[in-house]
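*Asks:* Please find target33.pdb (PDB, C-alpha atoms) on the next line:
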```pdb
MODEL        1
ATOM      1  CA  MET N1070       0.000   0.000   0.000
ATOM      2  CA  GLN N1071       2.893   2.356   0.769
ATOM      3  CA  LEU N1072       4.413   1.625  -2.603
ATOM      4  CA  LEU N1073       1.040   2.213  -4.238
ATOM      5  CA  GLN N1074       0.782   5.587  -2.549
ATOM      6  CA  GLN N1075       4.307   6.543  -3.585
ATOM      7  CA  TRP N1076       3.492   5.535  -7.141
ATOM      8  CA  ARG N1077       0.254   7.484  -7.037
ATOM      9  CA  ASP N1078       1.956  10.663  -5.836
ATOM     10  CA  SER N1079       4.759  10.228  -8.324
ATOM     11  CA  ALA N1080       2.491   9.755 -11.330
ATOM     12  CA  VAL N1081      -0.330  12.122 -10.434
ATOM     13  CA  ARG N1082       1.362  14.914  -8.533
ATOM     14  CA  ASN N1083       4.881  14.889  -9.984
ATOM     15  CA  GLY N1084       4.091  13.652 -13.488
ATOM     16  CA  VAL N1085       6.740  10.897 -13.296
ATOM     17  CA  SER N1086       5.047   7.821 -14.709
ATOM     18  CA  THR N1087       8.031   5.444 -14.697
ATOM     19  CA  TYR N1088       9.388   3.781 -11.579
ATOM     20  CA  VAL N1089      13.036   2.752 -11.444
ATOM     21  CA  ALA N1090      13.606  -0.120  -9.023
ATOM     22  CA  SER N1091      16.862  -0.626  -7.087
ATOM     23  CA  ASP N1092      18.046  -3.133  -9.708
ATOM     24  CA  ASN N1093      17.422  -0.525 -12.447
ATOM     25  CA  THR N1094      14.386  -2.323 -13.818
ATOM     26  CA  THR N1095      11.810   0.214 -14.953
ATOM     27  CA  TYR N1096       8.095  -0.152 -14.443
ATOM     28  CA  ASP N1097       5.237   1.879 -15.868
ATOM     29  CA  ILE N1098       3.272   3.306 -12.987
ATOM     30  CA  SER N1099      -0.185   1.900 -13.554
ATOM     31  CA  LEU N1100      -2.412   0.045 -11.126
ATOM     32  CA  THR N1101      -4.494  -1.667 -13.779
ATOM     33  CA  GLY N1102      -1.689  -2.091 -16.294
ATOM     34  CA  THR N1103       1.355  -2.994 -14.174
ATOM     35  CA  CYS N1104       0.396  -4.140 -10.645
ATOM     36  CA  LEU N1105      -2.435  -6.359 -11.715
ATOM     37  CA  LYS N1106      -0.514  -7.791 -14.639
ATOM     38  CA  CYS N1107       1.585  -9.953 -12.293
ATOM     39  CA  HIS N1108      -0.805 -10.076  -9.348
ATOM     40  CA  SER N1109      -3.519 -10.940 -11.772
ATOM     41  CA  ASN N1110      -6.035 -12.237  -9.282
ATOM     42  CA  LYS N1111      -7.560  -9.307  -7.452
ATOM     43  CA  SER N1112      -9.574 -11.413  -5.048
ATOM     44  CA  GLU N1113      -6.437 -13.201  -3.887
ATOM     45  CA  PHE N1114      -3.993 -10.305  -4.024
ATOM     46  CA  CYS N1115      -6.132  -7.422  -2.717
ATOM     47  CA  ASP N1116      -9.346  -8.651  -1.202
ATOM     48  CA  ARG N1117      -7.994 -11.428   0.975
ATOM     49  CA  CYS N1118      -6.115  -9.123   3.366
ATOM     50  CA  HIS N1119      -8.611  -6.295   3.113
ATOM     51  CA  ASN N1120     -11.440  -8.618   4.047
ATOM     52  CA  TYR N1121      -9.423 -10.101   6.897
ATOM     53  CA  THR N1122      -8.543  -6.677   8.334
ATOM     54  CA  GLY N1123     -11.963  -5.264   7.616
ATOM     55  CA  VAL N1124     -10.826  -2.321   5.483
ATOM     56  CA  ALA N1125     -12.430  -1.163   2.270
ATOM     57  CA  PRO N1126     -10.039   0.953   0.181
ATOM     58  CA  ASN N1127     -11.825   2.810  -2.583
ATOM     59  CA  CYS N1128      -9.254   2.194  -5.350
ATOM     60  CA  TRP N1129     -11.680   0.291  -7.511
ATOM     61  CA  ASN N1130     -14.379   2.953  -7.425
ATOM     62  CA  CYS N1131     -12.441   4.518 -10.284
ATOM     63  CA  HIS N1132      -9.632   2.184 -11.324
ATOM     64  CA  ASN N1133     -10.494  -0.691 -13.591
ATOM     65  CA  ILE N1134     -10.075  -4.341 -12.768
ATOM     66  CA  PRO N1135      -8.553  -6.113 -15.762
ATOM     67  CA  PRO N1136     -10.309  -9.301 -16.879
ATOM     68  CA  GLN N1137      -9.877 -11.853 -14.107
ATOM     69  CA  PRO N1138      -8.343 -15.290 -14.743
ATOM     70  CA  ASN N1139     -10.665 -18.246 -14.876
ATOM     71  CA  MET N1140     -11.333 -19.033 -11.233
ATOM     72  CA  SER N1141     -12.497 -22.581 -11.857
ATOM     73  CA  LEU N1142      -9.045 -23.522 -13.188
ATOM     74  CA  ARG N1143      -7.190 -21.961 -10.272
ATOM     75  CA  GLY N1144      -9.585 -23.025  -7.554
ATOM     76  CA  THR N1145     -11.470 -20.406  -5.582
ATOM     77  CA  PRO N1146      -9.754 -19.289  -2.362
TER      78      PRO N1146
ATOM     79  CA  MET P 105      17.206  66.634  11.980
ATOM     80  CA  ASN P 106      18.702  64.770  14.866
ATOM     81  CA  LEU P 107      20.492  61.659  13.677
ATOM     82  CA  GLU P 108      22.542  59.481  15.907
ATOM     83  CA  ARG P 109      25.861  58.418  14.533
ATOM     84  CA  ARG P 110      24.749  54.766  14.522
ATOM     85  CA  THR P 111      21.506  55.468  12.592
ATOM     86  CA  PHE P 112      23.351  57.635  10.115
ATOM     87  CA  LEU P 113      25.867  54.880   9.409
ATOM     88  CA  LYS P 114      23.104  52.313   8.955
ATOM     89  CA  LEU P 115      21.247  54.526   6.471
ATOM     90  CA  ALA P 116      24.405  55.365   4.588
ATOM     91  CA  THR P 117      25.372  51.681   4.233
ATOM     92  CA  LEU P 118      21.899  50.713   3.024
ATOM     93  CA  SER P 119      21.883  53.518   0.458
ATOM     94  CA  LEU P 120      25.291  52.460  -0.836
ATOM     95  CA  LEU P 121      24.120  48.828  -1.116
ATOM     96  CA  ALA P 122      21.002  49.899  -2.977
ATOM     97  CA  LEU P 123      23.088  51.934  -5.410
ATOM     98  CA  ALA P 124      25.393  48.995  -5.988
ATOM     99  CA  ALA P 125      22.487  46.605  -6.577
ATOM    100  CA  LYS P 126      20.724  48.833  -9.087
ATOM    101  CA  PRO P 127      22.871  47.910 -12.103
ATOM    102  CA  ALA P 128      22.229  44.213 -11.406
ATOM    103  CA  PHE P 129      18.459  44.782 -11.376
ATOM    104  CA  ASP P 130      18.695  46.847 -14.539
ATOM    105  CA  LEU P 131      20.608  44.050 -16.200
ATOM    106  CA  LEU P 132      17.978  41.456 -15.294
ATOM    107  CA  ALA P 133      15.232  43.732 -16.564
ATOM    108  CA  ARG P 134      16.758  43.666 -20.070
ATOM    109  CA  PRO P 135      14.748  41.151 -22.102
ATOM    110  CA  GLU P 136      17.728  39.469 -23.810
ATOM    111  CA  ILE P 137      19.467  38.810 -20.475
ATOM    112  CA  ALA P 138      16.261  37.539 -18.841
ATOM    113  CA  ARG P 139      15.715  35.208 -21.790
ATOM    114  CA  ALA P 140      19.257  33.840 -21.562
ATOM    115  CA  LEU P 141      18.796  33.115 -17.869
ATOM    116  CA  GLY P 142      15.435  31.469 -18.451
ATOM    117  CA  LEU P 143      13.524  34.091 -16.477
ATOM    118  CA  SER P 144      11.482  35.455 -19.333
ATOM    119  CA  PRO P 145       7.881  34.203 -19.652
ATOM    120  CA  GLU P 146       8.579  33.330 -23.308
ATOM    121  CA  ASN P 147      11.170  30.828 -22.199
ATOM    122  CA  ARG P 148       8.865  28.760 -20.062
ATOM    123  CA  LYS P 149       7.412  25.598 -21.438
ATOM    124  CA  ARG P 150       3.760  26.458 -21.892
ATOM    125  CA  LEU P 151       1.203  24.222 -23.540
ATOM    126  CA  ALA P 152      -1.598  25.871 -25.470
ATOM    127  CA  MET P 153      -4.268  25.069 -28.001
ATOM    128  CA  VAL P 154      -5.523  26.975 -31.028
ATOM    129  CA  VAL P 155      -9.048  26.355 -32.330
ATOM    130  CA  ASP P 156      -9.583  27.531 -35.895
ATOM    131  CA  LEU P 157     -13.265  28.440 -36.039
ATOM    132  CA  LYS P 158     -13.167  28.798 -39.828
ATOM    133  CA  ALA P 159     -11.871  25.264 -40.325
ATOM    134  CA  CYS P 160     -13.978  23.631 -37.590
ATOM    135  CA  THR P 161     -16.915  21.664 -39.001
ATOM    136  CA  ALA P 162     -18.939  21.514 -35.784
ATOM    137  CA  ASP P 163     -21.820  23.158 -37.665
ATOM    138  CA  THR P 164     -22.202  20.215 -39.985
ATOM    139  CA  GLY P 165     -22.781  17.963 -37.004
ATOM    140  CA  CYS P 166     -19.192  16.788 -36.624
ATOM    141  CA  THR P 167     -18.493  15.672 -33.062
ATOM    142  CA  ASP P 168     -15.321  13.659 -33.723
ATOM    143  CA  CYS P 169     -13.211  15.461 -31.131
ATOM    144  CA  ILE P 170     -15.897  15.227 -28.457
ATOM    145  CA  ALA P 171     -16.490  11.539 -29.131
ATOM    146  CA  ALA P 172     -12.762  10.755 -29.093
ATOM    147  CA  CYS P 173     -12.145  12.657 -25.854
ATOM    148  CA  HIS P 174     -15.099  11.189 -24.039
ATOM    149  CA  LYS P 175     -14.189   7.710 -25.245
ATOM    150  CA  VAL P 176     -10.558   7.685 -24.066
ATOM    151  CA  HIS P 177     -11.382   9.321 -20.742
ATOM    152  CA  ASN P 178     -14.446   7.231 -19.930
ATOM    153  CA  VAL P 179     -16.711  10.268 -19.701
ATOM    154  CA  PRO P 180     -20.252   9.107 -18.892
ATOM    155  CA  ASP P 181     -23.310  10.117 -20.870
ATOM    156  CA  ILE P 182     -25.880  10.575 -18.121
ATOM    157  CA  GLY P 183     -28.504  11.978 -20.435
ATOM    158  CA  SER P 184     -29.647  14.916 -18.323
ATOM    159  CA  ARG P 185     -28.385  18.463 -18.785
ATOM    160  CA  LYS P 186     -28.308  18.984 -15.058
ATOM    161  CA  GLU P 187     -25.887  16.166 -14.353
ATOM    162  CA  GLU P 188     -24.011  16.347 -17.642
ATOM    163  CA  ILE P 189     -20.276  15.603 -17.497
ATOM    164  CA  LYS P 190     -18.360  17.546 -20.110
ATOM    165  CA  TRP P 191     -14.682  17.690 -20.918
ATOM    166  CA  ILE P 192     -15.055  19.269 -24.336
ATOM    167  CA  ARG P 193     -18.333  20.575 -25.709
ATOM    168  CA  GLU P 194     -19.967  22.845 -28.237
ATOM    169  CA  ALA P 195     -21.772  26.084 -27.606
ATOM    170  CA  SER P 196     -23.080  28.929 -29.726
ATOM    171  CA  TYR P 197     -20.856  31.944 -30.409
ATOM    172  CA  ASP P 198     -22.960  34.090 -28.044
ATOM    173  CA  GLN P 199     -22.564  31.636 -25.220
ATOM    174  CA  ALA P 200     -18.850  31.226 -25.801
ATOM    175  CA  PHE P 201     -18.033  34.915 -26.060
ATOM    176  CA  PRO P 202     -20.739  36.723 -24.079
ATOM    177  CA  GLU P 203     -18.530  39.793 -23.657
ATOM    178  CA  GLN P 204     -18.358  40.479 -27.413
ATOM    179  CA  GLU P 205     -20.291  43.702 -27.555
ATOM    180  CA  ASN P 206     -20.279  44.017 -31.299
ATOM    181  CA  LYS P 207     -23.752  42.951 -32.391
ATOM    182  CA  PHE P 208     -22.818  42.868 -36.055
ATOM    183  CA  VAL P 209     -20.067  40.289 -36.136
ATOM    184  CA  LYS P 210     -19.467  38.542 -39.437
ATOM    185  CA  GLU P 211     -22.385  36.185 -39.946
ATOM    186  CA  ALA P 212     -20.070  33.344 -40.834
ATOM    187  CA  ILE P 213     -18.549  33.583 -37.377
ATOM    188  CA  ARG P 214     -21.635  34.593 -35.402
ATOM    189  CA  ASP P 215     -23.658  31.553 -36.390
ATOM    190  CA  ARG P 216     -20.899  29.093 -35.685
ATOM    191  CA  ASN P 217     -20.697  26.584 -32.924
ATOM    192  CA  VAL P 218     -17.594  27.004 -30.802
ATOM    193  CA  LEU P 219     -15.637  24.214 -29.136
ATOM    194  CA  LEU P 220     -15.198  24.805 -25.444
ATOM    195  CA  LEU P 221     -12.800  23.059 -23.110
ATOM    196  CA  CYS P 222     -10.767  23.836 -20.021
ATOM    197  CA  ASN P 223      -8.648  26.887 -20.819
ATOM    198  CA  HIS P 224      -5.734  25.789 -18.625
ATOM    199  CA  CYS P 225      -5.345  29.361 -17.418
ATOM    200  CA  ASP P 226      -2.018  30.865 -16.437
ATOM    201  CA  ASN P 227      -3.789  32.316 -13.431
ATOM    202  CA  PRO P 228      -6.411  29.666 -12.673
ATOM    203  CA  PRO P 229      -9.108  30.742 -10.185
ATOM    204  CA  CYS P 230     -10.071  27.102  -9.569
ATOM    205  CA  VAL P 231      -6.599  26.372  -8.199
ATOM    206  CA  ARG P 232      -6.728  29.339  -5.878
ATOM    207  CA  VAL P 233      -9.956  28.243  -4.200
ATOM    208  CA  CYS P 234      -9.324  24.493  -3.908
ATOM    209  CA  PRO P 235      -9.042  23.749  -0.170
ATOM    210  CA  THR P 236      -7.206  20.431  -0.618
ATOM    211  CA  GLN P 237      -4.901  21.288  -3.535
ATOM    212  CA  ALA P 238      -6.659  18.603  -5.512
ATOM    213  CA  THR P 239      -6.274  20.865  -8.514
ATOM    214  CA  TRP P 240      -3.037  22.638  -9.292
ATOM    215  CA  ARG P 241      -1.140  24.169 -12.164
ATOM    216  CA  ARG P 242       1.733  22.131 -13.503
ATOM    217  CA  GLU P 243       5.021  23.683 -14.626
ATOM    218  CA  ASP P 244       4.037  23.192 -18.272
ATOM    219  CA  GLY P 245       0.738  25.007 -17.689
ATOM    220  CA  ILE P 246      -1.665  22.073 -17.477
ATOM    221  CA  VAL P 247      -4.237  22.611 -14.746
ATOM    222  CA  MET P 248      -4.376  19.113 -13.294
ATOM    223  CA  MET P 249      -6.920  17.320 -11.166
ATOM    224  CA  ASP P 250      -6.056  14.769  -8.493
ATOM    225  CA  TYR P 251      -9.262  12.816  -7.978
ATOM    226  CA  HIS P 252      -7.703  11.088  -4.968
ATOM    227  CA  ARG P 253      -7.685  14.369  -3.105
ATOM    228  CA  CYS P 254     -10.901  15.934  -4.354
ATOM    229  CA  ILE P 255     -13.487  16.177  -1.595
ATOM    230  CA  GLY P 256     -16.270  17.376  -3.887
ATOM    231  CA  CYS P 257     -16.795  20.802  -2.322
ATOM    232  CA  ARG P 258     -17.297  22.323  -5.810
ATOM    233  CA  TYR P 259     -15.543  25.597  -4.939
ATOM    234  CA  CYS P 260     -13.585  25.192  -8.182
ATOM    235  CA  MET P 261     -16.806  24.941 -10.166
ATOM    236  CA  ALA P 262     -18.003  28.191  -8.642
ATOM    237  CA  ALA P 263     -14.646  29.832  -9.326
ATOM    238  CA  CYS P 264     -14.195  28.710 -12.933
ATOM    239  CA  PRO P 265     -15.587  31.469 -15.155
ATOM    240  CA  TYR P 266     -15.773  29.110 -18.148
ATOM    241  CA  GLY P 267     -17.968  26.327 -16.764
ATOM    242  CA  SER P 268     -15.283  23.819 -17.624
ATOM    243  CA  ARG P 269     -15.778  21.621 -14.595
ATOM    244  CA  SER P 270     -18.420  18.998 -13.946
ATOM    245  CA  PHE P 271     -19.466  17.284 -10.768
ATOM    246  CA  ASN P 272     -20.273  13.595 -10.455
ATOM    247  CA  TRP P 273     -23.611  13.583  -8.703
ATOM    248  CA  ARG P 274     -23.844   9.816  -9.022
ATOM    249  CA  ASP P 275     -21.628   6.852  -9.810
ATOM    250  CA  PRO P 276     -20.751   7.374 -13.476
ATOM    251  CA  ARG P 277     -19.922   3.724 -14.236
ATOM    252  CA  PRO P 278     -23.374   2.537 -15.374
ATOM    253  CA  TYR P 279     -23.461   5.450 -17.853
ATOM    254  CA  ILE P 280     -20.228   4.648 -19.675
ATOM    255  CA  LYS P 281     -21.108   2.639 -22.736
ATOM    256  CA  ASP P 282     -17.704   1.345 -23.709
ATOM    257  CA  ILE P 283     -15.203   1.405 -20.842
ATOM    258  CA  ASP P 284     -11.580   1.945 -21.857
ATOM    259  CA  LEU P 285      -9.661  -0.185 -19.340
ATOM    260  CA  SER P 286      -6.465   1.816 -19.770
ATOM    261  CA  TYR P 287      -7.913   4.937 -18.146
ATOM    262  CA  PRO P 288      -9.689   5.097 -14.784
ATOM    263  CA  GLU P 289     -13.211   6.368 -14.320
ATOM    264  CA  ARG P 290     -14.261   8.818 -11.667
ATOM    265  CA  THR P 291     -16.407   8.174  -8.660
ATOM    266  CA  ARG P 292     -19.418   9.840  -7.115
ATOM    267  CA  GLY P 293     -18.566  13.134  -5.423
ATOM    268  CA  VAL P 294     -15.542  14.346  -7.389
ATOM    269  CA  VAL P 295     -15.167  17.159  -9.890
ATOM    270  CA  GLU P 296     -13.645  16.414 -13.274
ATOM    271  CA  LYS P 297     -12.489  18.323 -16.320
ATOM    272  CA  CYS P 298     -10.239  18.294 -19.381
ATOM    273  CA  ASN P 299      -6.600  17.509 -18.572
ATOM    274  CA  PHE P 300      -5.096  18.361 -22.001
ATOM    275  CA  CYS P 301      -4.595  14.572 -22.236
ATOM    276  CA  ASP P 302      -1.604  14.573 -19.933
ATOM    277  CA  GLU P 303      -1.568  10.759 -19.971
ATOM    278  CA  ARG P 304      -1.229  10.782 -23.760
ATOM    279  CA  LEU P 305       1.364  13.580 -23.725
ATOM    280  CA  ALA P 306       3.451  11.413 -21.385
ATOM    281  CA  GLU P 307       3.472   8.757 -24.106
ATOM    282  CA  GLY P 308       4.373  11.321 -26.762
ATOM    283  CA  LYS P 309       0.941  11.336 -28.372
ATOM    284  CA  PRO P 310      -1.103  14.458 -29.150
ATOM    285  CA  PRO P 311      -4.352  15.070 -27.255
ATOM    286  CA  ALA P 312      -7.210  12.825 -28.367
ATOM    287  CA  CYS P 313      -9.303  15.710 -29.750
ATOM    288  CA  VAL P 314      -6.416  17.008 -31.861
ATOM    289  CA  GLU P 315      -5.744  13.528 -33.226
ATOM    290  CA  ALA P 316      -9.431  12.939 -34.006
ATOM    291  CA  CYS P 317     -10.016  16.250 -35.813
ATOM    292  CA  LYS P 318     -10.106  15.626 -39.570
ATOM    293  CA  SER P 319     -10.453  19.248 -40.615
ATOM    294  CA  GLY P 320      -7.239  20.360 -38.910
ATOM    295  CA  ALA P 321      -9.065  22.910 -36.797
ATOM    296  CA  LEU P 322      -7.186  22.048 -33.611
ATOM    297  CA  THR P 323      -3.507  22.797 -33.089
ATOM    298  CA  PHE P 324      -1.734  21.934 -29.902
ATOM    299  CA  GLY P 325       1.788  22.503 -28.657
ATOM    300  CA  GLU P 326       4.165  24.619 -26.705
ATOM    301  CA  MET P 327       3.702  28.359 -26.891
ATOM    302  CA  MET P 328       7.289  29.138 -27.864
ATOM    303  CA  PRO P 329       8.774  30.896 -30.862
ATOM    304  CA  GLY P 330       9.043  28.413 -33.712
ATOM    305  CA  THR P 331       6.119  26.173 -32.822
ATOM    306  CA  ASP P 332       2.853  25.796 -34.754
ATOM    307  CA  VAL P 333       0.674  27.304 -32.056
ATOM    308  CA  TYR P 334       3.001  30.265 -31.647
ATOM    309  CA  GLY P 335       3.026  30.791 -35.391
ATOM    310  CA  LEU P 336      -0.775  30.796 -35.591
ATOM    311  CA  VAL P 337      -1.275  33.078 -32.625
ATOM    312  CA  SER P 338       1.459  35.540 -33.544
ATOM    313  CA  THR P 339       0.437  35.959 -37.190
ATOM    314  CA  ASN P 340      -3.372  35.875 -36.900
ATOM    315  CA  TYR P 341      -6.010  37.712 -34.972
ATOM    316  CA  THR P 342      -7.152  35.478 -32.136
ATOM    317  CA  VAL P 343      -9.709  35.822 -29.375
ATOM    318  CA  ARG P 344      -9.819  34.160 -26.010
ATOM    319  CA  ARG P 345     -12.767  33.624 -23.721
ATOM    320  CA  LYS P 346     -13.315  36.347 -21.117
ATOM    321  CA  PRO P 347      -9.769  37.732 -21.258
ATOM    322  CA  GLU P 348     -10.859  40.727 -19.184
ATOM    323  CA  LEU P 349     -10.900  38.536 -16.072
ATOM    324  CA  GLY P 350      -7.131  38.257 -16.147
ATOM    325  CA  THR P 351      -7.064  34.478 -15.963
ATOM    326  CA  GLN P 352      -4.861  34.293 -19.107
ATOM    327  CA  PRO P 353      -6.678  31.401 -20.787
ATOM    328  CA  GLN P 354      -4.472  29.322 -23.067
ATOM    329  CA  VAL P 355      -7.051  28.226 -25.613
ATOM    330  CA  TYR P 356      -6.956  30.644 -28.534
ATOM    331  CA  TYR P 357      -9.688  30.976 -31.159
ATOM    332  CA  LEU P 358      -8.900  31.995 -34.711
ATOM    333  CA  VAL P 359     -11.890  33.934 -36.030
TER     334      VAL P 359
ENDMDL
END
```
Reformat the file's structure so that it appears as structure tokens.

*Replies:*
Amino acid sequence: MQLLQQWRDSAVRNGVSTYVASDNTTYDISLTGTCLKCHSNKSEFCDRCHNYTGVAPNCWNCHNIPPQPNMSLRGTP
Amino acid sequence: MNLERRTFLKLATLSLLALAAKPAFDLLARPEIARALGLSPENRKRLAMVVDLKACTADTGCTDCIAACHKVHNVPDIGSRKEEIKWIREASYDQAFPEQENKFVKEAIRDRNVLLLCNHCDNPPCVRVCPTQATWRREDGIVMMDYHRCIGCRYCMAACPYGSRSFNWRDPRPYIKDIDLSYPERTRGVVEKCNFCDERLAEGKPPACVEACKSGALTFGEMMPGTDVYGLVSTNYTVRRKPELGTQPQVYYLV
């Protein structure tokens, strides 16, 4: 979440839309495009902890959820 | 006059300093020096748009730019004037330039529809009133919105003299026909407006409206000597909306 907030401030407030990691890999700052490309299952990556801790961040009120992988193949959590 | 020695010395030193500093100020005031040091307003990177009303085919029912903008930014079509969300829109000449006192403008111009969008003012009143700094003016002149910070107080809408801002009275998602996954939507309770396509500029693309315009009526770029927009504005007669307010709008209309 801290990283997400740093990315948000960097892209929105400072207009820097590329993140350079410590190993010099560059990432496009995009929640829908970059974060959820690897962590492609929102219900496992986001919702699991948020449900457990009882918090409801409002990211997805605006940001789009990319098409989810077929849950039947992966087994529902 | 009764001056103490100490006061006299203070005054004398200050006067000498002021005299010594004057040539430096004079030097900076010279335009060529200011330009070389990057202090001149001409030297700043400043994005602007020129709308050529003679070339624009809005009268024939063309809404290419509006459709393109609203498509890439997921602007909802709520279907009621009261809750309308508009980033770029058309209005009659009278509505666009209400301060034009000349009743007998050229008919060709007077009867035209005019494209209206956020003017990305140099002196934006919306930025001044925003209590959370959710809207601010970027170095390159784009007046940006941070929807994360917007609390929906609508001060900016009251302050904007151009009606460029719209408020989301309800969740816009059900009203977006074809959602573009690469750009977020907005949520209930935030204000939104044109952002000069800053997300496309970051990728090196022109704004969506400029790209969509087939008649070449829209020109976009930096307002610097040598650029297209500068060329158009410096060689033609242009008007801006409500210039008397001192907001320095950066959308120029060729009439």

*Asks:* List the residues matched by the ChimeraX specification (/N :<9) & /P in the displayed structure as a list of chain:residue names, ordered by chain and then by residue number.

*Replies:*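 This file, filtered by the ChimeraX specification (/N :<9) & /P, leaves P:Trp240, P:Arg242, P:Met248, P:Met249, P:Asp250, P:His252, P:Asp275, P:Arg277, P:Ile283, P:Asp284, P:Leu285, P:Ser286, P:Tyr287, P:Pro288, P:Glu289, P:Arg290, P:Thr291, P:Arg292, P:Asp302, P:Glu303, P:Ala306.
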
*Asks:* Report as a PyMOL selection string all protein, DNA and RNA residues lying within 9 Å of Gly293 (chain P), evaluated on only C-alpha atoms, omitting residues in the same chain fewer than 2 positions from it.

*Replies:* chain P and resi 254-257+271-275+290-291+295

*Asks:* Work out how far CA of Gly245 (chain P) is from CA of Glu326 (chain P), in Å to one decimal.

*Replies:* 9.7 Å

*Asks:* What is the distance, in Å and to one decimal place, between CA of Ala321 (chain P) and CA of Asp168 (chain P)?

*Replies:*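 We find that CA of Ala321 (chain P) and CA of Asp168 (chain P) lie 11.6 Å from each other.
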
*Asks:* Once the PyMOL selection byres ((chain P and resi 234) around 10) is applied to the coordinates I shared, what remains selected? I want it as JSON, numbers by chain.

*Replies:* {"P": [229, 230, 231, 232, 233, 235, 236, 237, 238, 239, 240, 254, 255, 256, 257, 258, 259, 260, 261, 263]}

*Asks:* Skipping near chain neighbours, those fewer than 6 positions away, what residues fall within 10 Å of Thr1087 (chain N) using all atoms listed in the file, listed as a compact mmCIF listing (two decimals) with C-alpha atoms, in the frame of the given file?

*Replies:*
```
# COMPACT_ATOMS: atom_id res chain seq x y z
CA TRP N 1076 3.49 5.54 -7.14
CA SER N 1079 4.76 10.23 -8.32
CA ALA N 1080 2.49 9.76 -11.33
CA THR N 1095 11.81 0.21 -14.95
CA TYR N 1096 8.10 -0.15 -14.44
CA ASP N 1097 5.24 1.88 -15.87
CA ILE N 1098 3.27 3.31 -12.99
CA SER N 1099 -0.18 1.90 -13.55
```

*Asks:* Pick the closest to Lys318 (chain P) from P:Thr167, P:Cys222, P:Arg185, P:Pro127: which is it, counting all atoms listed in the file?

*Replies:*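 Closest candidate: P:Thr167.
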
*Asks:* Work out how far apart CA of Val337 (chain P) and CA of Thr323 (chain P) are and give it in Å to one decimal.

*Replies:*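 So the two atoms, CA of Val337 (chain P) and CA of Thr323 (chain P), lie 10.5 Å apart.
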
*Asks:* On this structure, the PyMOL selection byres ((chain P and resi 191) around 12) would catch which residues? List them as a ChimeraX atom specification, sorted by chain and number.

*Replies:* /P:169-181,188-190,192-194,219-223,266-271,295-301,312-313

*Asks:* Since we have the selection now, will you write its residues out, keeping C-alpha atoms, as a JSON list (two decimals), in the coordinates of the input?

*Replies:*
```
[["chain", "number", "residue", "atom", "x", "y", "z"],
["P", 169, "CYS", "CA", -13.21, 15.46, -31.13],
["P", 170, "ILE", "CA", -15.90, 15.23, -28.46],
["P", 171, "ALA", "CA", -16.49, 11.54, -29.13],
["P", 172, "ALA", "CA", -12.76, 10.76, -29.09],
["P", 173, "CYS", "CA", -12.14, 12.66, -25.85],
["P", 174, "HIS", "CA", -15.10, 11.19, -24.04],
["P", 175, "LYS", "CA", -14.19, 7.71, -25.24],
["P", 176, "VAL", "CA", -10.56, 7.68, -24.07],
["P", 177, "HIS", "CA", -11.38, 9.32, -20.74],
["P", 178, "ASN", "CA", -14.45, 7.23, -19.93],
["P", 179, "VAL", "CA", -16.71, 10.27, -19.70],
["P", 180, "PRO", "CA", -20.25, 9.11, -18.89],
["P", 181, "ASP", "CA", -23.31, 10.12, -20.87],
["P", 188, "GLU", "CA", -24.01, 16.35, -17.64],
["P", 189, "ILE", "CA", -20.28, 15.60, -17.50],
["P", 190, "LYS", "CA", -18.36, 17.55, -20.11],
["P", 192, "ILE", "CA", -15.06, 19.27, -24.34],
["P", 193, "ARG", "CA", -18.33, 20.58, -25.71],
["P", 194, "GLU", "CA", -19.97, 22.84, -28.24],
["P", 219, "LEU", "CA", -15.64, 24.21, -29.14],
["P", 220, "LEU", "CA", -15.20, 24.80, -25.44],
["P", 221, "LEU", "CA", -12.80, 23.06, -23.11],
["P", 222, "CYS", "CA", -10.77, 23.84, -20.02],
["P", 223, "ASN", "CA", -8.65, 26.89, -20.82],
["P", 266, "TYR", "CA", -15.77, 29.11, -18.15],
["P", 267, "GLY", "CA", -17.97, 26.33, -16.76],
["P", 268, "SER", "CA", -15.28, 23.82, -17.62],
["P", 269, "ARG", "CA", -15.78, 21.62, -14.60],
["P", 270, "SER", "CA", -18.42, 19.00, -13.95],
["P", 271, "PHE", "CA", -19.47, 17.28, -10.77],
["P", 295, "VAL", "CA", -15.17, 17.16, -9.89],
["P", 296, "GLU", "CA", -13.64, 16.41, -13.27],
["P", 297, "LYS", "CA", -12.49, 18.32, -16.32],
["P", 298, "CYS", "CA", -10.24, 18.29, -19.38],
["P", 299, "ASN", "CA", -6.60, 17.51, -18.57],
["P", 300, "PHE", "CA", -5.10, 18.36, -22.00],
["P", 301, "CYS", "CA", -4.60, 14.57, -22.24],
["P", 312, "ALA", "CA", -7.21, 12.82, -28.37],
["P", 313, "CYS", "CA", -9.30, 15.71, -29.75]]
```

*Asks:* I'd like the neighbourhood of Pro1126 (chain N) as a ChimeraX atom specification, where a residue qualifies if any of its atoms comes within 10 Å (using all atoms listed in the file), though same-chain residues fewer than 4 positions away should be ignored.

*Replies:* /N:1115-1116,1119,1130

*Asks:* Would you list the contacts of Leu157 (chain P) as a list in words, taking every protein, DNA or RNA residue within 6 Å and counting only C-alpha atoms, but skipping same-chain residues closer than 3 positions in sequence?

*Replies:*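 Contacts, in chain order: Cys160, Leu358 and Val359 of chain P.
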
*Asks:* Draw an axis-aligned box tight on the listed atoms of region 120-131 of chain P, then pad every side by 4 Å and write out centre and edge lengths in Å to one decimal as JSON.

*Replies:*
```
{"center_x": 21.9, "center_y": 48.3, "center_z": -8.5, "size_x": 14.9, "size_y": 16.4, "size_z": 23.4}
```

*Asks:* Nearest residue to Leu151 (chain P) out of P:Leu349, P:Cys225, P:Ala200, P:Ile280, using all atoms listed in the file?

*Replies:*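 The closest residue to Leu151 (chain P) is P:Cys225.
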